Structures are given as structure tokens and as C-alpha cells.
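upload_0.pdb (PDB, C-alpha atoms and all ligand atoms) appears below.
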ATOM      1  CA  MET C 185       0.000   0.000   0.000  1.00  0.00           C
ATOM      2  CA  THR C 186       1.344   3.440  -0.926  1.00  0.00           C
ATOM      3  CA  ILE C 187       0.270   6.402   1.130  1.00  0.00           C
ATOM      4  CA  SER C 188       1.296   9.852  -0.019  1.00  0.00           C
ATOM      5  CA  VAL C 189       1.899  12.410   2.675  1.00  0.00           C
ATOM      6  CA  GLN C 190       1.146  15.928   1.442  1.00  0.00           C
ATOM      7  CA  ASN C 191       4.105  18.268   1.793  1.00  0.00           C
ATOM      8  CA  PRO C 192       5.763  16.390   4.647  1.00  0.00           C
ATOM      9  CA  PRO C 193       7.746  18.853   6.747  1.00  0.00           C
ATOM     10  CA  ALA C 194      11.494  18.276   6.580  1.00  0.00           C
ATOM     11  CA  ASP C 195      12.033  17.959  10.288  1.00  0.00           C
ATOM     12  CA  PRO C 196      14.285  15.235  11.678  1.00  0.00           C
ATOM     13  CA  THR C 197      12.217  15.008  14.861  1.00  0.00           C
ATOM     14  CA  ASP C 198       9.418  13.535  12.758  1.00  0.00           C
ATOM     15  CA  ALA C 199      11.554  10.596  11.704  1.00  0.00           C
ATOM     16  CA  ARG C 200      10.228   7.115  12.303  1.00  0.00           C
ATOM     17  CA  THR C 201      12.080   5.076  14.925  1.00  0.00           C
ATOM     18  CA  ALA C 202      12.209   1.366  15.653  1.00  0.00           C
ATOM     19  CA  LEU C 203       9.262   1.857  18.032  1.00  0.00           C
ATOM     20  CA  ALA C 204       7.005   2.200  14.978  1.00  0.00           C
ATOM     21  CA  ASP C 205       7.500  -1.497  14.276  1.00  0.00           C
ATOM     22  CA  ARG C 206       5.773  -2.400  17.537  1.00  0.00           C
ATOM     23  CA  LEU C 207       2.463  -1.101  16.202  1.00  0.00           C
ATOM     24  CA  ALA C 208      -0.062  -2.858  13.970  1.00  0.00           C
ATOM     25  CA  LEU C 209      -0.602   0.156  11.698  1.00  0.00           C
ATOM     26  CA  SER C 210       1.870   0.537   8.819  1.00  0.00           C
ATOM     27  CA  GLY C 211       4.684   3.037   9.280  1.00  0.00           C
ATOM     28  CA  GLU C 212       3.334   5.078   6.349  1.00  0.00           C
ATOM     29  CA  ALA C 213      -0.103   5.324   7.919  1.00  0.00           C
ATOM     30  CA  GLN C 214       1.438   6.259  11.274  1.00  0.00           C
ATOM     31  CA  ASP C 215       3.336   9.055   9.525  1.00  0.00           C
ATOM     32  CA  LEU C 216       0.217  10.274   7.763  1.00  0.00           C
ATOM     33  CA  LEU C 217      -1.850  10.431  10.945  1.00  0.00           C
ATOM     34  CA  PHE C 218       0.777  11.473  13.496  1.00  0.00           C
ATOM     35  CA  ARG C 219       4.492  11.950  12.733  1.00  0.00           C
ATOM     36  CA  GLN C 220       4.310  13.984   9.569  1.00  0.00           C
ATOM     37  CA  ALA C 221       0.881  15.459  10.197  1.00  0.00           C
ATOM     38  CA  ARG C 222       1.080  19.040  11.389  1.00  0.00           C
ATOM     39  CA  SER C 223      -1.217  21.865  12.356  1.00  0.00           C
ATOM     40  CA  ALA C 224      -1.377  23.889   9.147  1.00  0.00           C
ATOM     41  CA  ASN C 225      -1.300  27.666   9.135  1.00  0.00           C
ATOM     42  CA  THR C 226      -1.563  28.199   5.374  1.00  0.00           C
ATOM     43  CA  PHE C 227      -3.274  26.246   2.619  1.00  0.00           C
ATOM     44  CA  THR C 228      -3.323  25.953  -1.147  1.00  0.00           C
ATOM     45  CA  ASP C 229      -6.416  27.176  -3.038  1.00  0.00           C
ATOM     46  CA  GLU C 230      -7.595  23.605  -3.680  1.00  0.00           C
ATOM     47  CA  PRO C 231     -11.190  23.384  -2.468  1.00  0.00           C
ATOM     48  CA  VAL C 232     -12.406  20.837   0.071  1.00  0.00           C
ATOM     49  CA  SER C 233     -15.663  19.303  -1.164  1.00  0.00           C
ATOM     50  CA  ASP C 234     -18.724  18.216   0.782  1.00  0.00           C
ATOM     51  CA  GLU C 235     -17.961  14.701  -0.494  1.00  0.00           C
ATOM     52  CA  GLN C 236     -14.560  14.785   1.219  1.00  0.00           C
ATOM     53  CA  VAL C 237     -16.113  16.062   4.446  1.00  0.00           C
ATOM     54  CA  GLU C 238     -18.741  13.310   4.261  1.00  0.00           C
ATOM     55  CA  ALA C 239     -16.003  10.664   4.009  1.00  0.00           C
ATOM     56  CA  ILE C 240     -14.060  12.297   6.865  1.00  0.00           C
ATOM     57  CA  TYR C 241     -17.120  12.275   9.132  1.00  0.00           C
ATOM     58  CA  ASP C 242     -17.953   8.725   8.084  1.00  0.00           C
ATOM     59  CA  LEU C 243     -14.608   7.636   9.530  1.00  0.00           C
ATOM     60  CA  ALA C 244     -14.563   9.826  12.641  1.00  0.00           C
ATOM     61  CA  LYS C 245     -18.086   8.844  13.698  1.00  0.00           C
ATOM     62  CA  TRP C 246     -16.942   5.365  14.725  1.00  0.00           C
ATOM     63  CA  ALA C 247     -14.637   6.561  17.495  1.00  0.00           C
ATOM     64  CA  PRO C 248     -16.057   6.240  21.007  1.00  0.00           C
ATOM     65  CA  THR C 249     -18.077   8.649  23.161  1.00  0.00           C
ATOM     66  CA  SER C 250     -19.577   8.025  26.583  1.00  0.00           C
ATOM     67  CA  MET C 251     -22.929   6.279  26.387  1.00  0.00           C
ATOM     68  CA  ASN C 252     -22.448   6.649  22.622  1.00  0.00           C
ATOM     69  CA  ASN C 253     -23.810  10.189  22.997  1.00  0.00           C
ATOM     70  CA  GLN C 254     -22.036  11.770  19.979  1.00  0.00           C
ATOM     71  CA  PRO C 255     -22.608  15.436  20.887  1.00  0.00           C
ATOM     72  CA  LEU C 256     -20.373  16.883  18.130  1.00  0.00           C
ATOM     73  CA  ARG C 257     -22.119  19.118  15.595  1.00  0.00           C
ATOM     74  CA  ILE C 258     -20.252  20.517  12.604  1.00  0.00           C
ATOM     75  CA  VAL C 259     -21.051  23.788  10.884  1.00  0.00           C
ATOM     76  CA  LEU C 260     -19.288  24.143   7.508  1.00  0.00           C
ATOM     77  CA  VAL C 261     -18.669  27.820   6.919  1.00  0.00           C
ATOM     78  CA  ARG C 262     -19.049  28.106   3.156  1.00  0.00           C
ATOM     79  CA  SER C 263     -20.559  31.541   2.426  1.00  0.00           C
ATOM     80  CA  PRO C 264     -18.346  34.663   2.419  1.00  0.00           C
ATOM     81  CA  GLN C 265     -20.825  36.360   4.762  1.00  0.00           C
ATOM     82  CA  ALA C 266     -20.647  33.569   7.323  1.00  0.00           C
ATOM     83  CA  ARG C 267     -16.844  33.480   7.028  1.00  0.00           C
ATOM     84  CA  GLU C 268     -16.736  37.212   7.797  1.00  0.00           C
ATOM     85  CA  ARG C 269     -19.001  36.803  10.834  1.00  0.00           C
ATOM     86  CA  LEU C 270     -16.785  33.968  12.097  1.00  0.00           C
ATOM     87  CA  VAL C 271     -13.465  35.735  11.505  1.00  0.00           C
ATOM     88  CA  ALA C 272     -14.704  38.743  13.518  1.00  0.00           C
ATOM     89  CA  THR C 273     -14.999  36.502  16.608  1.00  0.00           C
ATOM     90  CA  LEU C 274     -11.448  35.075  16.309  1.00  0.00           C
ATOM     91  CA  SER C 275      -8.296  36.288  18.025  1.00  0.00           C
ATOM     92  CA  GLU C 276      -6.200  38.548  15.864  1.00  0.00           C
ATOM     93  CA  GLY C 277      -3.578  35.857  15.134  1.00  0.00           C
ATOM     94  CA  ASN C 278      -6.192  33.447  13.781  1.00  0.00           C
ATOM     95  CA  ARG C 279      -7.995  35.864  11.473  1.00  0.00           C
ATOM     96  CA  ALA C 280      -5.969  36.022   8.257  1.00  0.00           C
ATOM     97  CA  LYS C 281      -5.397  32.278   7.963  1.00  0.00           C
ATOM     98  CA  THR C 282      -9.052  31.535   8.634  1.00  0.00           C
ATOM     99  CA  ALA C 283     -10.194  34.124   6.107  1.00  0.00           C
ATOM    100  CA  ALA C 284      -8.000  32.400   3.491  1.00  0.00           C
ATOM    101  CA  ALA C 285      -8.525  28.685   4.306  1.00  0.00           C
ATOM    102  CA  PRO C 286     -10.334  26.542   1.698  1.00  0.00           C
ATOM    103  CA  LEU C 287     -12.777  25.296   4.324  1.00  0.00           C
ATOM    104  CA  VAL C 288     -13.531  26.288   7.888  1.00  0.00           C
ATOM    105  CA  ALA C 289     -15.630  24.209  10.261  1.00  0.00           C
ATOM    106  CA  ILE C 290     -17.112  25.303  13.556  1.00  0.00           C
ATOM    107  CA  LEU C 291     -17.150  22.306  15.891  1.00  0.00           C
ATOM    108  CA  ALA C 292     -19.738  22.569  18.624  1.00  0.00           C
ATOM    109  CA  ALA C 293     -21.130  20.508  21.474  1.00  0.00           C
ATOM    110  CA  ASP C 294     -24.869  19.913  21.292  1.00  0.00           C
ATOM    111  CA  HIS C 295     -26.080  20.308  24.858  1.00  0.00           C
ATOM    112  CA  GLY C 296     -29.348  18.725  23.742  1.00  0.00           C
ATOM    113  CA  PHE C 297     -27.644  15.489  22.694  1.00  0.00           C
ATOM    114  CA  HIS C 298     -29.896  13.553  25.079  1.00  0.00           C
ATOM    115  CA  GLU C 299     -32.798  13.957  22.623  1.00  0.00           C
ATOM    116  CA  ARG C 300     -31.026  11.497  20.305  1.00  0.00           C
ATOM    117  CA  LEU C 301     -30.145   8.861  22.891  1.00  0.00           C
ATOM    118  CA  ALA C 302     -33.221   6.824  21.949  1.00  0.00           C
ATOM    119  CA  LYS C 303     -31.455   6.249  18.623  1.00  0.00           C
ATOM    120  CA  THR C 304     -27.857   6.032  19.811  1.00  0.00           C
ATOM    121  CA  PHE C 305     -28.315   4.190  23.123  1.00  0.00           C
ATOM    122  CA  PRO C 306     -31.623   2.333  22.601  1.00  0.00           C
ATOM    123  CA  HIS C 307     -31.044  -0.447  25.124  1.00  0.00           C
ATOM    124  CA  PHE C 308     -31.273   2.084  28.005  1.00  0.00           C
ATOM    125  CA  PRO C 309     -34.604   3.904  27.544  1.00  0.00           C
ATOM    126  CA  GLY C 310     -34.099   5.950  30.740  1.00  0.00           C
ATOM    127  CA  ALA C 311     -30.955   7.656  29.400  1.00  0.00           C
ATOM    128  CA  ARG C 312     -32.745  10.670  27.949  1.00  0.00           C
ATOM    129  CA  ASP C 313     -34.542  11.540  31.175  1.00  0.00           C
ATOM    130  CA  LEU C 314     -31.395  11.017  33.240  1.00  0.00           C
ATOM    131  CA  PHE C 315     -29.594  13.743  31.262  1.00  0.00           C
ATOM    132  CA  ALA C 316     -32.699  15.936  30.931  1.00  0.00           C
ATOM    133  CA  ALA C 317     -32.879  16.125  34.728  1.00  0.00           C
ATOM    134  CA  ASP C 318     -29.295  17.316  35.276  1.00  0.00           C
ATOM    135  CA  ASP C 319     -28.126  20.318  33.253  1.00  0.00           C
ATOM    136  CA  ALA C 320     -24.620  20.357  34.758  1.00  0.00           C
ATOM    137  CA  MET C 321     -23.971  16.670  34.063  1.00  0.00           C
ATOM    138  CA  ARG C 322     -25.344  17.043  30.552  1.00  0.00           C
ATOM    139  CA  ALA C 323     -23.153  20.078  29.819  1.00  0.00           C
ATOM    140  CA  GLN C 324     -20.053  18.334  31.153  1.00  0.00           C
ATOM    141  CA  SER C 325     -20.706  15.217  29.090  1.00  0.00           C
ATOM    142  CA  ALA C 326     -21.481  17.259  25.969  1.00  0.00           C
ATOM    143  CA  ASP C 327     -18.271  19.294  26.232  1.00  0.00           C
ATOM    144  CA  LEU C 328     -16.016  16.340  27.084  1.00  0.00           C
ATOM    145  CA  ASN C 329     -17.317  14.060  24.372  1.00  0.00           C
ATOM    146  CA  ALA C 330     -17.538  16.745  21.683  1.00  0.00           C
ATOM    147  CA  THR C 331     -13.912  17.615  22.472  1.00  0.00           C
ATOM    148  CA  LEU C 332     -12.952  13.973  22.023  1.00  0.00           C
ATOM    149  CA  GLN C 333     -14.785  13.975  18.720  1.00  0.00           C
ATOM    150  CA  VAL C 334     -12.829  17.068  17.636  1.00  0.00           C
ATOM    151  CA  ALA C 335      -9.652  15.044  18.099  1.00  0.00           C
ATOM    152  CA  TYR C 336     -11.084  12.127  16.144  1.00  0.00           C
ATOM    153  CA  LEU C 337     -12.100  14.499  13.359  1.00  0.00           C
ATOM    154  CA  ILE C 338      -8.615  15.996  13.137  1.00  0.00           C
ATOM    155  CA  LEU C 339      -7.196  12.504  12.647  1.00  0.00           C
ATOM    156  CA  ALA C 340      -9.848  11.717  10.029  1.00  0.00           C
ATOM    157  CA  VAL C 341      -8.930  14.929   8.161  1.00  0.00           C
ATOM    158  CA  ARG C 342      -5.350  13.690   8.133  1.00  0.00           C
ATOM    159  CA  ALA C 343      -6.513  10.256   6.936  1.00  0.00           C
ATOM    160  CA  ALA C 344      -8.046  12.050   3.945  1.00  0.00           C
ATOM    161  CA  GLY C 345      -4.596  13.396   3.039  1.00  0.00           C
ATOM    162  CA  LEU C 346      -5.565  16.887   4.189  1.00  0.00           C
ATOM    163  CA  ALA C 347      -4.285  19.067   7.004  1.00  0.00           C
ATOM    164  CA  ALA C 348      -6.239  20.572   9.874  1.00  0.00           C
ATOM    165  CA  GLY C 349      -5.552  23.832  11.651  1.00  0.00           C
ATOM    166  CA  PRO C 350      -7.466  23.566  14.924  1.00  0.00           C
ATOM    167  CA  MET C 351      -8.068  26.763  16.922  1.00  0.00           C
ATOM    168  CA  THR C 352      -9.560  27.727  20.243  1.00  0.00           C
ATOM    169  CA  GLY C 353      -8.341  31.302  20.037  1.00  0.00           C
ATOM    170  CA  TYR C 354     -11.709  33.082  19.764  1.00  0.00           C
ATOM    171  CA  ASP C 355     -14.306  34.929  21.790  1.00  0.00           C
ATOM    172  CA  ALA C 356     -16.496  31.926  22.601  1.00  0.00           C
ATOM    173  CA  ALA C 357     -19.424  34.025  23.860  1.00  0.00           C
ATOM    174  CA  ALA C 358     -19.415  36.138  20.692  1.00  0.00           C
ATOM    175  CA  LEU C 359     -19.075  33.073  18.444  1.00  0.00           C
ATOM    176  CA  ASN C 360     -21.895  31.261  20.233  1.00  0.00           C
ATOM    177  CA  ASP C 361     -24.135  34.357  20.013  1.00  0.00           C
ATOM    178  CA  GLU C 362     -23.404  34.683  16.315  1.00  0.00           C
ATOM    179  CA  PHE C 363     -23.884  31.046  15.275  1.00  0.00           C
ATOM    180  CA  PHE C 364     -25.849  29.367  18.068  1.00  0.00           C
ATOM    181  CA  PRO C 365     -28.190  32.064  19.387  1.00  0.00           C
ATOM    182  CA  ASP C 366     -30.615  29.510  20.880  1.00  0.00           C
ATOM    183  CA  GLY C 367     -27.964  28.650  23.507  1.00  0.00           C
ATOM    184  CA  GLY C 368     -28.238  24.918  22.897  1.00  0.00           C
ATOM    185  CA  HIS C 369     -24.822  24.515  21.280  1.00  0.00           C
ATOM    186  CA  LYS C 370     -21.396  25.616  22.530  1.00  0.00           C
ATOM    187  CA  VAL C 371     -18.328  25.959  20.347  1.00  0.00           C
ATOM    188  CA  VAL C 372     -15.429  23.650  21.265  1.00  0.00           C
ATOM    189  CA  ALA C 373     -13.061  24.429  18.360  1.00  0.00           C
ATOM    190  CA  VAL C 374     -12.790  26.016  14.946  1.00  0.00           C
ATOM    191  CA  VAL C 375     -10.809  24.051  12.355  1.00  0.00           C
ATOM    192  CA  ASN C 376      -9.319  25.171   9.064  1.00  0.00           C
ATOM    193  CA  ILE C 377      -9.078  22.329   6.559  1.00  0.00           C
ATOM    194  CA  GLY C 378      -7.257  21.979   3.265  1.00  0.00           C
ATOM    195  CA  ARG C 379      -4.064  21.014   1.492  1.00  0.00           C
ATOM    196  CA  PRO C 380      -1.181  22.617   3.343  1.00  0.00           C
ATOM    197  CA  GLY C 381       0.578  25.506   1.641  1.00  0.00           C
ATOM    198  CA  ASP C 382       4.342  25.751   1.201  1.00  0.00           C
ATOM    199  CA  ASP C 383       4.789  27.844   4.360  1.00  0.00           C
ATOM    200  CA  ALA C 384       2.136  25.997   6.375  1.00  0.00           C
ATOM    201  CA  TRP C 385       4.255  24.970   9.318  1.00  0.00           C
ATOM    202  CA  ARG C 386       5.779  26.595  12.339  1.00  0.00           C
ATOM    203  CA  ASP C 387       8.812  24.816  13.845  1.00  0.00           C
ATOM    204  CA  ARG C 388       7.931  21.441  15.302  1.00  0.00           C
ATOM    205  CA  LEU C 389       7.693  21.783  19.068  1.00  0.00           C
ATOM    206  CA  PRO C 390       9.119  19.211  21.481  1.00  0.00           C
ATOM    207  CA  ARG C 391       6.848  16.501  22.824  1.00  0.00           C
ATOM    208  CA  LEU C 392       7.061  15.097  26.325  1.00  0.00           C
ATOM    209  CA  ASP C 393       8.944  11.841  26.680  1.00  0.00           C
ATOM    210  CA  PHE C 394       7.387   8.576  27.776  1.00  0.00           C
ATOM    211  CA  ASP C 395       9.016   8.811  31.217  1.00  0.00           C
ATOM    212  CA  GLU C 396       7.625  12.288  31.784  1.00  0.00           C
ATOM    213  CA  VAL C 397       4.092  11.162  31.101  1.00  0.00           C
ATOM    214  CA  VAL C 398       3.658   7.538  32.097  1.00  0.00           C
ATOM    215  CA  THR C 399       3.724   6.141  35.600  1.00  0.00           C
ATOM    216  CA  THR C 400       2.861   2.619  36.562  1.00  0.00           C
ATOM    217  CA  VAL C 401       1.232   1.817  39.858  1.00  0.00           C
TER     218      VAL C 401
HETATM  219  C1  LIG D 501      -7.533  22.424  20.664  1.00  0.00           C
HETATM  220  C2  LIG D 501      -6.463  23.180  19.921  1.00  0.00           C
HETATM  221  C3  LIG D 501      -6.512  24.556  19.875  1.00  0.00           C
HETATM  222  C4  LIG D 501      -5.555  25.277  19.176  1.00  0.00           C
HETATM  223  N1  LIG D 501      -5.692  26.636  19.058  1.00  0.00           N
HETATM  224  C5  LIG D 501      -4.863  27.305  18.234  1.00  0.00           C
HETATM  225  C6  LIG D 501      -5.096  28.695  17.953  1.00  0.00           C
HETATM  226  O1  LIG D 501      -6.040  29.312  18.444  1.00  0.00           O
HETATM  227  N2  LIG D 501      -4.239  29.309  17.103  1.00  0.00           N
HETATM  228  C7  LIG D 501      -3.180  28.650  16.519  1.00  0.00           C
HETATM  229  O2  LIG D 501      -2.453  29.274  15.741  1.00  0.00           O
HETATM  230  N3  LIG D 501      -2.941  27.337  16.775  1.00  0.00           N
HETATM  231  C8  LIG D 501      -3.760  26.663  17.598  1.00  0.00           C
HETATM  232  N4  LIG D 501      -3.567  25.311  17.813  1.00  0.00           N
HETATM  233  C9  LIG D 501      -2.405  24.635  17.167  1.00  0.00           C
HETATM  234  C10 LIG D 501      -1.363  24.187  18.176  1.00  0.00           C
HETATM  235  O3  LIG D 501      -0.598  25.283  18.595  1.00  0.00           O
HETATM  236  C11 LIG D 501      -0.500  23.110  17.502  1.00  0.00           C
HETATM  237  O4  LIG D 501      -1.316  22.012  17.242  1.00  0.00           O
HETATM  238  C12 LIG D 501       0.664  22.648  18.377  1.00  0.00           C
HETATM  239  O5  LIG D 501       1.553  23.708  18.579  1.00  0.00           O
HETATM  240  C13 LIG D 501       1.396  21.501  17.738  1.00  0.00           C
HETATM  241  O6  LIG D 501       1.764  21.832  16.420  1.00  0.00           O
HETATM  242  P1  LIG D 501       1.977  20.696  15.324  1.00  0.00           P
HETATM  243  O7  LIG D 501       0.677  19.963  15.256  1.00  0.00           O
HETATM  244  O8  LIG D 501       2.258  21.410  14.040  1.00  0.00           O
HETATM  245  O9  LIG D 501       3.103  19.857  15.784  1.00  0.00           O
HETATM  246  C14 LIG D 501      -4.500  24.601  18.524  1.00  0.00           C
HETATM  247  C15 LIG D 501      -4.453  23.190  18.593  1.00  0.00           C
HETATM  248  C16 LIG D 501      -5.428  22.498  19.254  1.00  0.00           C
HETATM  249  C17 LIG D 501      -5.380  20.989  19.257  1.00  0.00           C
END

This structure in C-alpha cells:
Amino acid sequence: MTISVQNPPADPTDARTALADRLALSGEAQDLLFRQARSANTFTDEPVSDEQVEAIYDLAKWAPTSMNNQPLRIVLVRSPQARERLVATLSEGNRAKTAAAPLVAILAADHGFHERLAKTFPHFPGARDLFAADDAMRAQSADLNATLQVAYLILAVRAAGLAAGPMTGYDAAALNDEFFPDGGHKVVAVVNIGRPGDDAWRDRLPRLDFDEVVTTV
């Protein structure tokens, strides 16, 4: 199987080591999803189609959420007017690249996810009422699981051979007022998506080592 990585950054820290051979996934696929995948800051003009997004979601949807609650909602910002309204809510440093990205998605947590539990968790009919009765628990579960789904979506974007530029640098209250005025959805991230441009990358930043992160008890 040949997997082409788009514009892999020439950074020696991304090099595959012998540890890659301990995994079931091919080294090329590991590179595509993790080692050579970067957070892009510029993109080419190549459009990202609804068909590509459909395939990306169709992969990401299988990754787990608690009680299978799937609170992520995705707003594709396609019109120039909507793009302008979004950019106005972003921090200064995120504005130009978001104005220019081929596709921008607002990723939000649906705090009314419990209304779909009859479909997604049918073997526990009491699930909807459990969450309906506790706003704080529902909000916490919506935000946690939608955030997980953001991560899954980023990896699925990479699996499509595209790059993601995730951002949380925005005025969340302003963004929510602008796009989710009913108050039932809360933004968890904004993501630029496309083929990375030539100057897409900042320097690769160090990652923590295994020993700094993992303890065994
Ligand atoms: C949840 C999240 C929020 C982020 N917010 C921003 C942001 O607001 N602006 C920005 O330029 N980069 C943002 N980033 C990009 C990170 O800075 C970047 O992923 C990190 O430095 C690692 O870079 P690399 O993926 O290219 O190795 C964000 C990343 C994530 C996952």
C-alpha cells in the first residue's frame, strides 16, 4: 500500500524510529496520521468538497463517546458572509489564515444530545430523562465528548490526506451568540481544513517523553 503524505515537513524530529515497528498500523499510515501530520497555518487554493467532508465524518463517527452520545455538531462555513461573521470573533492571530482557508468548520457541542439517545443508546430507555434532569452533568458530558470527537475528526482529516488547523483562540461568547443564538450549542473548536501551503508549518515543538508522562502503579 502506498500512502502519499502531502508536503511532509522536513524535520528530523518527525523521523520514524524502531518503536514504529511495535504497532499494527503501517509506518506510512502512522506518519500520515501522526508523525508527519502538522497543524497547518496556510493552505493551497484547492477546495475541500462536501464529499470529502462526508467521508471524513464517516470515519470519525466510529470513534467512542460516553454512552455513545455523539454530541459533536459541525457547521461548515461556506458563504463569504458567514466566514466574515466567524473571523470577527477570532483572536487577531487566527484571522488572516481563517479568512484564506479553503474550508472552515465550527465544531460545537450539542447540549441537547440527550434527545437522540433513543437512537444512539436504545437499550437504556431511561438515558434521555437522566440527562434531561441534570443540566450540569449534561453540559459536562457534551463538552467532554464533543472535544474527544474534535480530536477524532482531526485525525480523520489527516486520513483524507488533508491538514487541519485547529483553533480555540476566539471569543467563545461572541461566536456562540453569532452562530448558536438559541444557547443549545457551545463551540469547542474552529478548524481550518485543506491542502497545506508551502509555508504551512511553524517549527515542530518538542513533545514530552514517555518517562515524563507515564507512571505505573
Ligand atoms: C484544541 C487546539 C486549539 C488550538 N488553538 C490554536 C489557535 O487558536 N491558534 C493557533 O495558531 N494554533 C492553535 N492550535 C495549534 C497548536 O498550537 C498546535 O497544534 C501545536 O503547537 C502543535 O503543532 P503541530 O501539530 O504542528 O506539531 C491549537 C491546537 C489544538 C489541538

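Applied to the file shown here, the PyMOL selection byres (((not hetatm)) within 6 of (chain D and resi 501)) selects the residues C:Arg222, C:Ser223, C:Asn278, C:Pro350, C:Met351, C:Thr352, C:Gly353, C:Arg388, C:Leu389.
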
Exercise. In Å, how far is it from CA of Pro380 in chain C to CA of Leu217 in chain C?
Worked result: 14.4 Å

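For the structure shown here, the set of residues caught by the PyMOL selection byres (((chain C and resi 213) around 12) and not hetatm) is Met185, Thr186, Ile187, Ser188, Val189, Arg200, Ala204, Leu207, Ala208, Leu209, Ser210, Gly211, Glu212, Gln214, Asp215, Leu216, Leu217, Phe218, Arg219, Gln220, Ala221, Leu339, Ala340, Arg342, Ala343, Ala344 and Gly345 of chain C.
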
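Across the structure, CA of Pro231 in chain C and CA of Arg262 in chain C are spaced 10.8 Å apart.
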
Seminar exercise, completed: From CA of Ala292 in chain C to CA of Thr331 in chain C the spacing works out at 8.6 Å

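For the choices C:Arg206, C:Val374, C:Arg391, C:Val341, the atom-to-atom distance to Leu243 in chain C is smallest for C:Val341 when using only C-alpha atoms.
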
Problem set entry | Residues matched by the PyMOL selection byres (((chain C and resi 302-315) around 12) and not hetatm) as an MDAnalysis selection string | chainID C and resid 245 248:255 295:301 316:326

Generate the output file for the selected residues, C-alpha atoms, as a PDB file, in the frame of the given file.
ATOM      1  CA  LYS C 245     -18.086   8.844  13.698  1.00  0.00           C
ATOM      2  CA  PRO C 248     -16.057   6.240  21.007  1.00  0.00           C
ATOM      3  CA  THR C 249     -18.077   8.649  23.161  1.00  0.00           C
ATOM      4  CA  SER C 250     -19.577   8.025  26.583  1.00  0.00           C
ATOM      5  CA  MET C 251     -22.929   6.279  26.387  1.00  0.00           C
ATOM      6  CA  ASN C 252     -22.448   6.649  22.622  1.00  0.00           C
ATOM      7  CA  ASN C 253     -23.810  10.189  22.997  1.00  0.00           C
ATOM      8  CA  GLN C 254     -22.036  11.770  19.979  1.00  0.00           C
ATOM      9  CA  PRO C 255     -22.608  15.436  20.887  1.00  0.00           C
ATOM     10  CA  HIS C 295     -26.080  20.308  24.858  1.00  0.00           C
ATOM     11  CA  GLY C 296     -29.348  18.725  23.742  1.00  0.00           C
ATOM     12  CA  PHE C 297     -27.644  15.489  22.694  1.00  0.00           C
ATOM     13  CA  HIS C 298     -29.896  13.553  25.079  1.00  0.00           C
ATOM     14  CA  GLU C 299     -32.798  13.957  22.623  1.00  0.00           C
ATOM     15  CA  ARG C 300     -31.026  11.497  20.305  1.00  0.00           C
ATOM     16  CA  LEU C 301     -30.145   8.861  22.891  1.00  0.00           C
ATOM     17  CA  ALA C 316     -32.699  15.936  30.931  1.00  0.00           C
ATOM     18  CA  ALA C 317     -32.879  16.125  34.728  1.00  0.00           C
ATOM     19  CA  ASP C 318     -29.295  17.316  35.276  1.00  0.00           C
ATOM     20  CA  ASP C 319     -28.126  20.318  33.253  1.00  0.00           C
ATOM     21  CA  ALA C 320     -24.620  20.357  34.758  1.00  0.00           C
ATOM     22  CA  MET C 321     -23.971  16.670  34.063  1.00  0.00           C
ATOM     23  CA  ARG C 322     -25.344  17.043  30.552  1.00  0.00           C
ATOM     24  CA  ALA C 323     -23.153  20.078  29.819  1.00  0.00           C
ATOM     25  CA  GLN C 324     -20.053  18.334  31.153  1.00  0.00           C
ATOM     26  CA  SER C 325     -20.706  15.217  29.090  1.00  0.00           C
ATOM     27  CA  ALA C 326     -21.481  17.259  25.969  1.00  0.00           C
TER      28      ALA C 326
END

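Between Leu337 in chain C and the residues C:Ala199, C:Leu274, C:Ala284, C:Ile290, the shortest atom-to-atom distance, using only C-alpha atoms, involves C:Ile290.
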
So for range 335-345 of chain C, what box centre and size do we get, axis-aligned, 3 Å extra on each of the six sides, every listed atom, Å to one decimal, as lines of an AutoDock Vina configuration file?
center_x = -8.3
center_y = 13.1
center_z = 10.6
size_x = 13.5
size_y = 11.7
size_z = 21.1

For this session: For Asn376 in chain C, please output as an NGL selection string all residues within 10 Å (counting all atoms listed in the file; exclusion window: fewer than 6 positions along the same chain).
Result: :C and (223-227 or 261 or 281-290 or 347-351)
